[in-house]
file coords-v9.cif (mmCIF, C-alpha atoms)
data_start
loop_
_atom_site.label_atom_id
_atom_site.label_comp_id
_atom_site.auth_asym_id
_atom_site.auth_seq_id
_atom_site.Cartn_x
_atom_site.Cartn_y
_atom_site.Cartn_z
CA MET A 1135 -21.37 -23.79 -1.74
CA PHE A 1136 -22.41 -20.45 -3.23
CA THR A 1137 -18.86 -19.14 -2.87
CA LEU A 1138 -17.39 -22.25 -4.50
CA ASN A 1139 -19.76 -22.00 -7.46
CA ALA A 1140 -18.89 -18.33 -7.90
CA GLU A 1141 -15.17 -19.15 -7.92
CA ILE A 1142 -15.67 -21.92 -10.49
CA GLU A 1143 -17.62 -19.57 -12.78
CA LYS A 1144 -14.77 -17.07 -12.71
CA MET A 1145 -12.19 -19.62 -13.86
CA HIS A 1146 -10.94 -19.39 -17.48
CA SER A 1147 -9.35 -21.96 -19.75
CA TRP A 1148 -6.42 -19.62 -20.49
CA ARG A 1149 -4.11 -17.25 -18.61
CA TYR A 1150 -2.11 -14.22 -19.71
CA TYR A 1151 1.45 -13.94 -18.52
CA GLY A 1152 4.49 -11.76 -19.04
CA ARG A 1153 8.06 -11.82 -17.80
CA VAL A 1154 10.09 -9.79 -15.35
CA VAL A 1155 12.48 -7.48 -17.21
CA GLY A 1156 13.77 -5.37 -14.34
CA ILE A 1157 13.76 -4.88 -10.56
CA GLN A 1158 14.62 -1.70 -8.71
CA GLY A 1159 14.11 -1.79 -4.95
CA LEU A 1160 10.56 -3.09 -4.47
CA LEU A 1161 9.46 -2.04 -7.95
CA VAL A 1162 9.19 -4.82 -10.54
CA GLU A 1163 8.97 -4.21 -14.30
CA VAL A 1164 6.96 -6.76 -16.26
CA ALA A 1165 6.77 -6.81 -20.08
CA GLY A 1166 4.60 -8.82 -22.43
CA ALA A 1167 1.29 -8.52 -20.58
CA GLN A 1168 0.91 -4.78 -20.09
CA HIS A 1169 -2.00 -4.54 -22.54
CA SER A 1170 -4.13 -6.84 -20.35
CA LEU A 1171 -3.38 -4.90 -17.15
CA SER A 1172 -4.66 -1.72 -15.52
CA ILE A 1173 -3.89 0.19 -12.34
CA GLY A 1174 -4.80 -1.99 -9.36
CA SER A 1175 -4.69 -5.29 -11.30
CA ARG A 1176 -3.30 -8.31 -9.49
CA VAL A 1177 -0.33 -10.27 -10.82
CA ASN A 1178 1.37 -13.37 -9.39
CA LEU A 1179 5.13 -13.67 -9.85
CA LEU A 1180 6.55 -17.20 -10.00
CA SER A 1181 9.90 -17.16 -8.18
CA ARG A 1182 12.84 -19.40 -9.01
CA GLN A 1183 11.79 -21.56 -6.03
CA LYS A 1184 8.34 -21.95 -7.66
CA GLN A 1185 6.61 -19.80 -5.05
CA ASN A 1186 3.81 -17.38 -5.95
CA ILE A 1187 4.31 -13.76 -4.89
CA ALA A 1188 1.21 -11.57 -5.17
CA CYS A 1189 1.75 -8.09 -6.66
CA GLU A 1190 -0.33 -5.09 -7.67
CA VAL A 1191 0.09 -2.83 -10.70
CA VAL A 1192 0.96 0.69 -9.54
CA GLY A 1193 2.04 2.29 -12.82
CA PHE A 1194 3.24 1.86 -16.41
CA LYS A 1195 6.29 2.70 -18.49
CA THR A 1196 6.48 2.71 -22.28
CA ASN A 1197 6.73 -1.06 -22.77
CA SER A 1198 6.20 -2.49 -19.30
CA ALA A 1199 3.97 -2.48 -16.23
CA LEU A 1200 5.27 -1.45 -12.80
CA LEU A 1201 4.37 -3.78 -9.93
CA MET A 1202 4.81 -3.71 -6.16
CA PRO A 1203 4.70 -6.93 -4.10
CA PHE A 1204 2.56 -7.84 -1.10
CA SER A 1205 5.53 -9.74 0.35
CA MET A 1206 9.30 -9.90 -0.05
CA LEU A 1207 10.85 -10.53 -3.48
CA GLU A 1208 13.33 -13.28 -2.54
CA GLY A 1209 13.85 -15.64 -5.47
CA VAL A 1210 12.50 -13.27 -8.13
CA GLY A 1211 14.80 -12.27 -10.96
CA VAL A 1212 14.82 -11.22 -14.59
CA GLY A 1213 12.95 -13.75 -16.72
CA CYS A 1214 10.56 -14.98 -14.02
CA GLN A 1215 7.00 -15.45 -15.20
CA ALA A 1216 4.25 -13.03 -14.15
CA TYR A 1217 0.70 -14.42 -14.34
CA VAL A 1218 -2.18 -11.97 -14.71
CA GLU A 1219 -5.00 -12.56 -12.25
CA GLY A 1220 -7.12 -9.81 -13.80
CA GLU A 1221 -9.67 -9.61 -11.00
CA THR A 1222 -10.75 -6.55 -9.04
CA PRO A 1223 -9.67 -7.29 -5.45
CA VAL A 1224 -12.66 -8.40 -3.38
CA ALA A 1225 -13.41 -9.86 0.04
CA HIS A 1226 -16.22 -12.21 1.09
CA PRO A 1227 -17.07 -11.23 4.70
CA SER A 1228 -19.57 -13.21 6.74
CA ASN A 1229 -20.91 -13.22 10.30
CA GLN A 1230 -18.40 -15.99 11.08
CA TRP A 1231 -15.66 -13.34 10.89
CA LEU A 1232 -16.77 -11.99 14.27
CA GLY A 1233 -14.26 -12.82 16.97
CA ARG A 1234 -11.48 -13.40 14.44
CA VAL A 1235 -8.16 -11.72 13.67
CA ILE A 1236 -7.29 -11.48 9.98
CA ASN A 1237 -4.56 -10.03 7.79
CA ALA A 1238 -4.90 -7.62 4.87
CA MET A 1239 -5.80 -10.48 2.49
CA GLY A 1240 -8.72 -11.60 4.68
CA GLU A 1241 -6.83 -14.67 5.92
CA PRO A 1242 -7.05 -15.74 9.59
CA ILE A 1243 -3.89 -15.23 11.66
CA ASP A 1244 -5.27 -16.11 15.11
CA GLY A 1245 -4.64 -19.87 14.97
CA LYS A 1246 -8.36 -20.69 15.22
CA GLY A 1247 -8.57 -22.52 11.91
CA PRO A 1248 -10.07 -21.55 8.53
CA ILE A 1249 -12.50 -18.69 8.23
CA ARG A 1250 -15.80 -19.11 6.38
CA SER A 1251 -16.38 -16.76 3.47
CA GLY A 1252 -19.72 -15.18 2.62
CA PRO A 1253 -21.54 -15.49 -0.73
CA ILE A 1254 -21.34 -11.78 -1.66
CA ALA A 1255 -18.14 -10.22 -2.99
CA TYR A 1256 -17.37 -6.78 -1.53
CA PRO A 1257 -14.78 -4.68 -3.42
CA ILE A 1258 -11.71 -3.88 -1.35
CA ARG A 1259 -11.63 -0.34 -2.77
CA ALA A 1260 -15.34 0.46 -2.89
CA GLN A 1261 -16.75 3.88 -3.64
CA PRO A 1262 -18.52 5.75 -0.81
CA PRO A 1263 -22.34 5.83 -1.06
CA ALA A 1264 -23.78 8.72 -3.05
CA ALA A 1265 -24.07 11.78 -0.81
CA HIS A 1266 -27.71 12.52 -1.71
CA LEU A 1267 -28.80 8.95 -0.87
CA ARG A 1268 -27.29 8.78 2.59
CA LYS A 1269 -29.29 9.19 5.75
CA ARG A 1270 -28.39 11.86 8.27
CA VAL A 1271 -26.35 10.97 11.35
CA GLY A 1272 -28.37 9.20 14.02
CA ASP A 1273 -28.75 9.45 17.77
CA LYS A 1274 -25.88 9.73 20.21
CA ILE A 1275 -23.54 6.76 20.56
CA ASP A 1276 -22.24 5.86 24.01
CA LEU A 1277 -18.44 5.57 23.74
CA GLY A 1278 -17.97 4.63 27.41
CA VAL A 1279 -15.56 7.55 28.00
CA ARG A 1280 -17.05 10.20 30.28
CA SER A 1281 -15.29 13.33 29.00
CA LEU A 1282 -16.04 12.52 25.35
CA ASN A 1283 -19.65 11.47 25.95
CA THR A 1284 -20.24 14.82 27.62
CA PHE A 1285 -18.00 17.45 25.99
CA VAL A 1286 -17.33 15.93 22.52
CA THR A 1287 -20.52 13.94 21.94
CA CYS A 1288 -20.43 11.55 18.97
CA CYS A 1289 -23.48 10.33 17.02
CA LYS A 1290 -24.10 7.18 14.99
CA GLY A 1291 -22.59 7.60 11.53
CA GLN A 1292 -20.26 10.40 12.59
CA ARG A 1293 -16.53 10.33 11.74
CA MET A 1294 -14.06 11.60 14.33
CA GLY A 1295 -10.29 11.90 14.35
CA ILE A 1296 -8.10 11.25 17.39
CA PHE A 1297 -5.05 13.49 16.99
CA SER A 1298 -2.05 12.66 19.14
CA GLY A 1299 1.71 12.51 19.23
CA SER A 1300 3.39 9.21 20.06
CA GLY A 1301 3.06 7.92 23.61
CA VAL A 1302 0.17 10.15 24.69
CA GLY A 1303 -2.44 7.39 25.10
CA LYS A 1304 -4.08 7.11 21.70
CA SER A 1305 -4.10 3.29 21.57
CA ILE A 1306 -5.42 3.01 25.14
CA LEU A 1307 -8.30 5.37 24.27
CA LEU A 1308 -9.15 3.24 21.22
CA SER A 1309 -9.15 0.12 23.37
CA MET A 1310 -11.65 1.78 25.73
CA PHE A 1311 -13.92 2.51 22.75
CA ALA A 1312 -13.66 -1.10 21.57
CA ARG A 1313 -14.52 -2.51 25.00
CA TYR A 1314 -17.14 -0.08 26.33
CA SER A 1315 -18.93 1.50 23.35
CA GLN A 1316 -22.60 0.66 22.79
CA SER A 1317 -22.39 -0.52 19.17
CA ASP A 1318 -23.58 -3.72 17.52
CA VAL A 1319 -20.23 -4.62 15.91
CA SER A 1320 -16.69 -3.25 16.13
CA VAL A 1321 -14.22 -3.48 13.24
CA ILE A 1322 -10.68 -2.61 14.31
CA GLY A 1323 -7.86 -1.91 11.87
CA LEU A 1324 -4.34 -2.02 13.33
CA ILE A 1325 -2.35 -0.45 10.51
CA GLY A 1326 1.44 -0.43 10.81
CA GLU A 1327 1.30 -1.43 14.49
CA ARG A 1328 4.26 -2.82 16.43
CA GLY A 1329 4.12 -6.60 16.26
CA ARG A 1330 4.45 -7.10 20.03
CA GLU A 1331 1.47 -4.80 20.72
CA VAL A 1332 -1.07 -6.76 18.67
CA HIS A 1333 -1.38 -9.65 21.14
CA GLU A 1334 -1.40 -7.24 24.08
CA PHE A 1335 -4.21 -5.20 22.52
CA ILE A 1336 -6.36 -8.26 21.78
CA GLU A 1337 -5.90 -10.02 25.13
CA ASP A 1338 -5.45 -7.17 27.63
CA ASP A 1339 -7.29 -4.21 26.12
CA LEU A 1340 -10.01 -5.79 23.99
CA GLY A 1341 -10.61 -8.91 26.08
CA GLU A 1342 -12.78 -11.92 25.26
CA GLU A 1343 -16.04 -9.99 25.53
CA GLY A 1344 -14.84 -7.21 23.23
CA LEU A 1345 -13.33 -9.62 20.70
CA ALA A 1346 -16.56 -11.65 20.49
CA ARG A 1347 -18.33 -8.74 18.74
CA SER A 1348 -15.29 -7.51 16.82
CA VAL A 1349 -13.25 -8.22 13.71
CA VAL A 1350 -9.58 -7.23 13.97
CA VAL A 1351 -7.59 -6.50 10.79
CA VAL A 1352 -3.82 -6.46 11.31
CA ALA A 1353 -0.88 -5.30 9.19
CA THR A 1354 2.25 -4.78 11.29
CA SER A 1355 4.97 -2.23 10.57
CA ASP A 1356 7.32 -4.81 9.05
CA GLU A 1357 4.85 -5.72 6.29
CA THR A 1358 5.01 -4.15 2.85
CA ALA A 1359 3.37 -0.85 1.98
CA LEU A 1360 0.71 -2.62 -0.12
CA MET A 1361 -0.27 -4.84 2.82
CA ARG A 1362 -0.53 -1.85 5.17
CA ARG A 1363 -2.63 0.10 2.68
CA GLN A 1364 -4.89 -2.85 1.88
CA ALA A 1365 -5.47 -3.52 5.59
CA ALA A 1366 -6.98 -0.03 5.86
CA TYR A 1367 -9.21 -0.66 2.83
CA LEU A 1368 -10.26 -4.08 4.17
CA THR A 1369 -11.21 -2.53 7.53
CA LEU A 1370 -13.77 -0.34 5.75
CA THR A 1371 -14.90 -3.23 3.52
CA VAL A 1372 -15.71 -5.42 6.53
CA SER A 1373 -17.47 -2.45 8.17
CA GLU A 1374 -19.61 -2.01 5.04
CA TYR A 1375 -20.65 -5.65 5.13
CA PHE A 1376 -21.92 -5.43 8.72
CA ARG A 1377 -23.53 -2.04 8.00
CA ASP A 1378 -25.47 -3.64 5.15
CA GLN A 1379 -26.81 -6.20 7.63
CA GLY A 1380 -28.49 -3.31 9.44
CA ASN A 1381 -25.92 -3.00 12.25
CA ASP A 1382 -24.54 0.16 13.82
CA VAL A 1383 -20.84 -0.47 13.31
CA LEU A 1384 -17.99 1.16 15.21
CA CYS A 1385 -14.93 1.34 12.93
CA LEU A 1386 -11.65 2.00 14.74
CA MET A 1387 -8.40 2.55 12.85
CA ASP A 1388 -4.93 3.05 14.27
CA SER A 1389 -3.65 4.85 12.37
CA VAL A 1390 -4.57 6.87 9.28
CA THR A 1391 -1.07 8.36 9.29
CA ARG A 1392 0.50 4.97 8.65
CA PHE A 1393 -1.95 4.45 5.78
CA ALA A 1394 -0.76 7.77 4.34
CA MET A 1395 2.87 6.74 4.80
CA ALA A 1396 2.21 3.47 2.96
CA GLN A 1397 0.55 5.36 0.10
CA ARG A 1398 3.50 7.77 0.01
CA GLU A 1399 5.91 4.83 -0.28
CA ILE A 1400 3.88 3.37 -3.13
CA GLY A 1401 3.59 6.71 -4.92
CA LEU A 1402 7.31 7.51 -4.69
CA ALA A 1403 8.24 4.03 -5.94
CA GLY A 1404 5.91 4.53 -8.91
CA GLY A 1405 7.62 7.81 -9.85
CA GLU A 1406 5.20 10.35 -8.37
CA PRO A 1407 6.73 13.71 -7.45
CA PRO A 1408 6.91 14.44 -3.71
CA ALA A 1409 4.79 17.35 -2.55
CA SER A 1410 4.26 18.56 1.03
CA LYS A 1411 6.79 16.90 3.41
CA GLY A 1412 7.42 14.18 0.85
CA TYR A 1413 3.77 13.09 0.61
CA THR A 1414 2.70 12.50 -2.97
CA PRO A 1415 -0.49 13.90 -4.54
CA THR A 1416 -2.22 10.50 -4.44
CA VAL A 1417 -2.02 10.50 -0.63
CA PHE A 1418 -4.36 13.49 -0.47
CA ALA A 1419 -6.61 11.93 -3.11
CA GLU A 1420 -6.84 8.57 -1.30
CA LEU A 1421 -7.54 9.96 2.18
CA PRO A 1422 -11.09 11.18 1.40
CA ARG A 1423 -11.81 8.04 -0.62
CA LEU A 1424 -10.97 5.97 2.45
CA LEU A 1425 -12.57 8.12 5.15
CA GLU A 1426 -15.78 8.94 3.26
CA ARG A 1427 -16.67 5.25 3.22
CA ALA A 1428 -17.59 5.58 6.89
CA GLY A 1429 -20.84 7.32 7.78
CA PRO A 1430 -24.58 6.65 7.66
CA GLY A 1431 -25.89 3.97 5.33
CA VAL A 1432 -28.37 4.41 2.51
CA ASP A 1433 -31.26 2.36 3.89
CA ARG A 1434 -30.24 1.11 7.33
CA GLY A 1435 -27.16 0.69 9.45
CA SER A 1436 -24.27 3.07 9.96
CA ILE A 1437 -20.49 3.16 10.31
CA THR A 1438 -19.25 5.40 13.11
CA GLY A 1439 -15.59 6.02 12.33
CA LEU A 1440 -12.95 6.84 14.95
CA PHE A 1441 -9.63 7.30 13.17
CA ALA A 1442 -6.36 7.80 15.02
CA VAL A 1443 -3.94 10.29 13.50
CA LEU A 1444 -0.31 10.11 14.63
CA VAL A 1445 0.81 13.74 14.69
CA GLU A 1446 4.46 14.00 13.65
CA GLY A 1447 6.54 16.09 16.03
CA ASP A 1448 3.39 17.18 17.92
CA ASP A 1449 2.69 19.53 14.99
CA HIS A 1450 -1.09 19.45 14.58
CA ASN A 1451 -0.81 21.41 11.32
CA GLU A 1452 1.42 18.92 9.51
CA PRO A 1453 0.01 17.84 6.08
CA VAL A 1454 -1.80 14.58 6.99
CA SER A 1455 -3.35 16.00 10.18
CA ASP A 1456 -4.50 19.11 8.35
CA ALA A 1457 -6.03 17.10 5.49
CA VAL A 1458 -7.81 14.60 7.77
CA ARG A 1459 -9.18 17.32 10.04
CA GLY A 1460 -10.86 18.93 7.02
CA ILE A 1461 -12.50 15.65 5.96
CA LEU A 1462 -13.89 14.39 9.27
CA ASP A 1463 -16.85 15.53 11.38
CA GLY A 1464 -14.85 16.49 14.43
CA HIS A 1465 -11.57 15.92 16.20
CA ILE A 1466 -10.34 14.75 19.60
CA VAL A 1467 -6.99 16.24 20.58
CA LEU A 1468 -4.72 14.42 23.04
CA ASP A 1469 -2.27 16.81 24.71
CA ARG A 1470 1.21 15.73 25.79
CA ALA A 1471 1.30 18.38 28.55
CA ILE A 1472 -1.88 16.90 30.09
CA ALA A 1473 -0.42 13.37 29.90
CA GLU A 1474 2.80 14.51 31.54
CA ARG A 1475 0.93 15.73 34.60
CA GLY A 1476 -0.76 12.34 34.91
CA ARG A 1477 -4.33 12.89 33.77
CA TYR A 1478 -5.60 10.17 31.41
CA PRO A 1479 -7.18 10.16 28.94
CA ALA A 1480 -5.17 13.27 28.10
CA ILE A 1481 -7.98 14.93 26.12
CA ASN A 1482 -7.72 18.67 25.59
CA ILE A 1483 -11.41 19.55 25.77
CA LEU A 1484 -10.92 23.14 24.62
CA ARG A 1485 -9.23 22.03 21.38
CA SER A 1486 -11.60 19.12 20.68
CA ILE A 1487 -14.71 19.63 18.57
CA SER A 1488 -17.75 17.56 17.58
CA ARG A 1489 -19.65 18.96 14.60
CA THR A 1490 -22.91 17.39 15.77
CA LEU A 1491 -22.93 19.73 18.77
CA PRO A 1492 -25.00 21.56 19.92
CA GLY A 1493 -27.76 20.06 17.76
CA CYS A 1494 -27.67 16.59 19.37
CA ASN A 1495 -28.20 17.96 22.91
CA ASN A 1496 -31.19 19.49 24.64
CA ASN A 1497 -31.04 23.03 26.06
CA GLU A 1498 -30.23 21.92 29.60
CA GLN A 1499 -27.29 19.81 28.45
CA ASN A 1500 -25.96 22.61 26.25
CA ASP A 1501 -26.14 25.07 29.16
CA LEU A 1502 -24.07 22.68 31.28
CA LEU A 1503 -21.42 22.38 28.58
CA VAL A 1504 -21.19 26.12 27.93
CA THR A 1505 -20.75 26.81 31.64
CA ALA A 1506 -18.15 24.08 32.16
CA ARG A 1507 -16.18 25.08 29.05
CA LYS A 1508 -16.13 28.69 30.25
CA TYR A 1509 -14.58 27.65 33.56
CA LEU A 1510 -12.01 25.52 31.74
CA ALA A 1511 -11.16 28.39 29.37
CA ASP A 1512 -10.88 30.95 32.18
CA TYR A 1513 -8.52 28.69 34.13
CA ASN A 1514 -6.48 27.92 31.00
CA ASP A 1515 -6.02 31.66 30.28
CA MET A 1516 -4.68 32.34 33.78
CA GLU A 1517 -2.97 28.99 34.42
CA GLU A 1518 0.61 30.28 34.34
CA MET A 1519 -0.13 33.13 36.73
CA ILE A 1520 -1.99 30.78 39.08
CA ARG A 1521 0.88 28.29 39.15
CA LEU A 1522 3.43 31.04 39.74
CA GLY A 1523 1.32 32.49 42.56
CA ALA A 1524 0.98 35.82 40.75
CA TYR A 1525 -2.82 35.78 40.79
CA ARG A 1526 -4.50 37.24 43.86
CA SER A 1527 -7.82 35.82 44.96
CA GLY A 1528 -10.66 38.29 44.49
CA ALA A 1529 -9.12 40.06 41.49
CA SER A 1530 -11.69 38.44 39.17
CA GLN A 1531 -14.88 36.63 40.12
CA GLU A 1532 -14.76 34.54 36.91
CA VAL A 1533 -11.22 33.34 37.63
CA ASP A 1534 -12.05 32.65 41.27
CA GLU A 1535 -14.92 30.42 40.15
CA ALA A 1536 -12.70 28.69 37.58
CA ILE A 1537 -10.12 27.95 40.30
CA HIS A 1538 -12.86 26.61 42.58
CA PHE A 1539 -14.26 24.21 39.95
CA HIS A 1540 -10.92 23.18 38.40
CA PRO A 1541 -10.06 20.19 40.68
CA ALA A 1542 -13.55 18.69 40.32
CA LEU A 1543 -13.55 19.14 36.54
CA GLU A 1544 -10.09 17.57 36.26
CA GLU A 1545 -11.30 14.59 38.29
CA PHE A 1546 -14.39 14.38 36.09
CA MET A 1547 -12.26 14.20 32.92
CA ALA A 1548 -9.89 11.57 34.34
CA GLN A 1549 -10.84 7.92 33.83
CA LYS A 1550 -9.00 4.63 34.25
CA LYS A 1551 -8.88 2.31 31.27
CA THR A 1552 -10.68 -0.35 33.33
CA GLU A 1553 -13.53 2.05 34.14
CA SER A 1554 -16.65 2.49 32.01
CA SER A 1555 -19.02 5.45 32.11
CA ARG A 1556 -22.47 5.56 30.58
CA LEU A 1557 -23.76 8.46 28.52
CA GLU A 1558 -26.34 9.92 30.93
CA GLU A 1559 -24.06 9.51 33.95
CA GLY A 1560 -21.72 12.16 32.56
CA TYR A 1561 -24.37 14.89 32.42
CA GLU A 1562 -25.59 13.99 35.92
CA GLN A 1563 -22.09 14.16 37.40
CA LEU A 1564 -21.31 17.43 35.62
CA ALA A 1565 -24.54 19.01 36.92
CA LYS A 1566 -23.63 18.02 40.50
CA ILE A 1567 -20.18 19.57 40.13
CA LEU A 1568 -21.52 22.87 38.82
CA GLN A 1569 -24.16 23.08 41.58
CA ASN A 1570 -21.42 23.26 44.20
CA ARG A 1571 -20.76 26.96 43.79
CA PRO A 1572 -18.20 28.85 45.93
#
call {"tool": "encode", "arguments": {"input": "coords-v9.cif", "output": "structure tokens"}}
result
Amino acid sequence: MFTLNAEIEKMHSWRYYGRVVGIQGLLVEVAGAQHSLSIGSRVNLLSRQKQNIACEVVGFKTNSALLMPFSMLEGVGVGCQAYVEGETPVAHPSNQWLGRVINAMGEPIDGKGPIRSGPIAYPIRAQPPAAHLRKRVGDKIDLGVRSLNTFVTCCKGQRMGIFSGSGVGKSILLSMFARYSQSDVSVIGLIGERGREVHEFIEDDLGEEGLARSVVVVATSDETALMRRQAAYLTLTVSEYFRDQGNDVLCLMDSVTRFAMAQREIGLAGGEPPASKGYTPTVFAELPRLLERAGPGVDRGSITGLFAVLVEGDDHNEPVSDAVRGILDGHIVLDRAIAERGRYPAINILRSISRTLPGCNNNEQNDLLVTARKYLADYNDMEEMIRLGAYRSGASQEVDEAIHFHPALEEFMAQKKTESSRLEEGYEQLAKILQNRP
């Protein structure tokens, strides 16, 4: 009832409209209403088949506004009417959204019937909370993955990136977080995903128990750039709603790179100059605006963000990876070489960093990690010589110890996707391994 009253109050007795004067690719020029529009305004095009096609203003020319559609432009031509909606895009999340799968417009796509809206409007493109008002990150969060809980510990309100090339196990790792993490609510954004993988992720990886405390936002790779970008924004909007209810929210997004690609497509269509590897300047302006929305709340609640980054060509210094790594509070690196030898999750512990360490651990736990990392580093330095048989036992005590502990540490870091590991179990198992000295 509250939502209906709010919608009635927003209704006007008049509407502004213009007309389509040009179309180039997915860019539509509308004249006659440009003075009542601004960047981000919503416009509905009326096609020749009398169908409404939602669009967003992405730029202006001298006498016209430049629009991009949220769907295909079939039936739209010169002279079609363009009605100005004039509203800042908002969503109305509610607790009834839990267990549902929605699209970038907040509409259900899971076949379970209508979805109930909440009374409070949340802006799709909200500003992050003021830095000086935010709480500090909280206690450790149990992600259910042994190697990360131990070596790359994450805290409530922290933002981590998962950097990986294609086919190295990034989506499987995210599904383990969604199923096993100890959070109140999970909000999962599947941005630019393959259509066939969505159902598999929800049924096989997430499962009924995981879905019951989750909201899944989906925009597949065949959808328009605006839909893919808005799905990323909506993922954070829904997370903010549950954070404001006092929940510790786990926000998973796969992937930030596809959000950046969508923004690049929008920017190039609007006439922006390409910069690094074709990415436009707005890509690097929008990334922090998106990612900074995750983090601790002002009064209560938090959003712990785990954002997948698809590394192009396995180059971890490509523009999007480099920009995201500088924004987030740590990074998890998945290594193709580790995956190829059959150890999953293929996390490269030596290249992964959590910026809450060592402060979130006690002295005993930090001593364990320093010792284990040293053995891993010593083995990594001599790995080629060991594999070739060029290293002679007894030449170095440190390397001998690293070789002794290597099989047990590799087994410790391996974990099946159907296996869950609790936070304290990891430290206990690591201590037992390191007690077994040669």
call {"tool": "resolve_selection", "arguments": {"input": "coords-v9.cif", "expression": "the PyMOL selection byres ((chain A and resi 1463-1467) around 8)", "output": "mmCIF file with C-alpha atoms, in the frame of the given file"}}
result
data_model
loop_
_atom_site.group_PDB
_atom_site.id
_atom_site.type_symbol
_atom_site.label_atom_id
_atom_site.label_comp_id
_atom_site.auth_asym_id
_atom_site.auth_seq_id
_atom_site.Cartn_x
_atom_site.Cartn_y
_atom_site.Cartn_z
ATOM 1 C CA VAL A 1286 -17.330 15.930 22.520
ATOM 2 C CA GLN A 1292 -20.260 10.400 12.590
ATOM 3 C CA ARG A 1293 -16.530 10.330 11.740
ATOM 4 C CA MET A 1294 -14.060 11.600 14.330
ATOM 5 C CA GLY A 1295 -10.290 11.900 14.350
ATOM 6 C CA ILE A 1296 -8.100 11.250 17.390
ATOM 7 C CA PHE A 1297 -5.050 13.490 16.990
ATOM 8 C CA SER A 1298 -2.050 12.660 19.140
ATOM 9 C CA ARG A 1459 -9.180 17.320 10.040
ATOM 10 C CA ILE A 1461 -12.500 15.650 5.960
ATOM 11 C CA LEU A 1462 -13.890 14.390 9.270
ATOM 12 C CA LEU A 1468 -4.720 14.420 23.040
ATOM 13 C CA ASP A 1469 -2.270 16.810 24.710
ATOM 14 C CA ILE A 1481 -7.980 14.930 26.120
ATOM 15 C CA ASN A 1482 -7.720 18.670 25.590
ATOM 16 C CA ILE A 1483 -11.410 19.550 25.770
ATOM 17 C CA ARG A 1485 -9.230 22.030 21.380
ATOM 18 C CA SER A 1486 -11.600 19.120 20.680
ATOM 19 C CA ILE A 1487 -14.710 19.630 18.570
ATOM 20 C CA SER A 1488 -17.750 17.560 17.580
ATOM 21 C CA ARG A 1489 -19.650 18.960 14.600
ATOM 22 C CA THR A 1490 -22.910 17.390 15.770
#
call {"tool": "atom_distance", "arguments": {"input": "coords-v9.cif", "atom1": "CA of Asp1276 (chain A)", "atom2": "CA of Leu1510 (chain A)"}}
result
23.5 Å
call {"tool": "resolve_selection", "arguments": {"input": "coords-v9.cif", "expression": "the PyMOL selection byres ((chain A and resi 1187-1200) around 7)", "output": "CSV table (one decimal) with C-alpha atoms, in the coordinates of the input"}}
result
chain,number,residue,atom,x,y,z
A,1161,LEU,CA,9.5,-2.0,-8.0
A,1162,VAL,CA,9.2,-4.8,-10.5
A,1163,GLU,CA,9.0,-4.2,-14.3
A,1164,VAL,CA,7.0,-6.8,-16.3
A,1165,ALA,CA,6.8,-6.8,-20.1
A,1168,GLN,CA,0.9,-4.8,-20.1
A,1172,SER,CA,-4.7,-1.7,-15.5
A,1173,ILE,CA,-3.9,0.2,-12.3
A,1174,GLY,CA,-4.8,-2.0,-9.4
A,1175,SER,CA,-4.7,-5.3,-11.3
A,1176,ARG,CA,-3.3,-8.3,-9.5
A,1177,VAL,CA,-0.3,-10.3,-10.8
A,1178,ASN,CA,1.4,-13.4,-9.4
A,1179,LEU,CA,5.1,-13.7,-9.8
A,1180,LEU,CA,6.6,-17.2,-10.0
A,1185,GLN,CA,6.6,-19.8,-5.0
A,1186,ASN,CA,3.8,-17.4,-6.0
A,1201,LEU,CA,4.4,-3.8,-9.9
A,1202,MET,CA,4.8,-3.7,-6.2
A,1203,PRO,CA,4.7,-6.9,-4.1
A,1204,PHE,CA,2.6,-7.8,-1.1
A,1205,SER,CA,5.5,-9.7,0.4
A,1404,GLY,CA,5.9,4.5,-8.9
call {"tool": "resolve_selection", "arguments": {"input": "coords-v9.cif", "expression": "the PyMOL selection byres ((chain A and resi 1539) around 10)", "output": "mmCIF file with C-alpha atoms, in the coordinates of the input"}}
result
data_model
loop_
_atom_site.group_PDB
_atom_site.id
_atom_site.type_symbol
_atom_site.label_atom_id
_atom_site.label_comp_id
_atom_site.auth_asym_id
_atom_site.auth_seq_id
_atom_site.Cartn_x
_atom_site.Cartn_y
_atom_site.Cartn_z
ATOM 1 C CA ALA A 1506 -18.150 24.080 32.160
ATOM 2 C CA TYR A 1509 -14.580 27.650 33.560
ATOM 3 C CA LEU A 1510 -12.010 25.520 31.740
ATOM 4 C CA TYR A 1513 -8.520 28.690 34.130
ATOM 5 C CA VAL A 1533 -11.220 33.340 37.630
ATOM 6 C CA ASP A 1534 -12.050 32.650 41.270
ATOM 7 C CA GLU A 1535 -14.920 30.420 40.150
ATOM 8 C CA ALA A 1536 -12.700 28.690 37.580
ATOM 9 C CA ILE A 1537 -10.120 27.950 40.300
ATOM 10 C CA HIS A 1538 -12.860 26.610 42.580
ATOM 11 C CA HIS A 1540 -10.920 23.180 38.400
ATOM 12 C CA PRO A 1541 -10.060 20.190 40.680
ATOM 13 C CA ALA A 1542 -13.550 18.690 40.320
ATOM 14 C CA LEU A 1543 -13.550 19.140 36.540
ATOM 15 C CA GLU A 1544 -10.090 17.570 36.260
ATOM 16 C CA ILE A 1567 -20.180 19.570 40.130
ATOM 17 C CA LEU A 1568 -21.520 22.870 38.820
ATOM 18 C CA ASN A 1570 -21.420 23.260 44.200
ATOM 19 C CA ARG A 1571 -20.760 26.960 43.790
ATOM 20 C CA PRO A 1572 -18.200 28.850 45.930
#
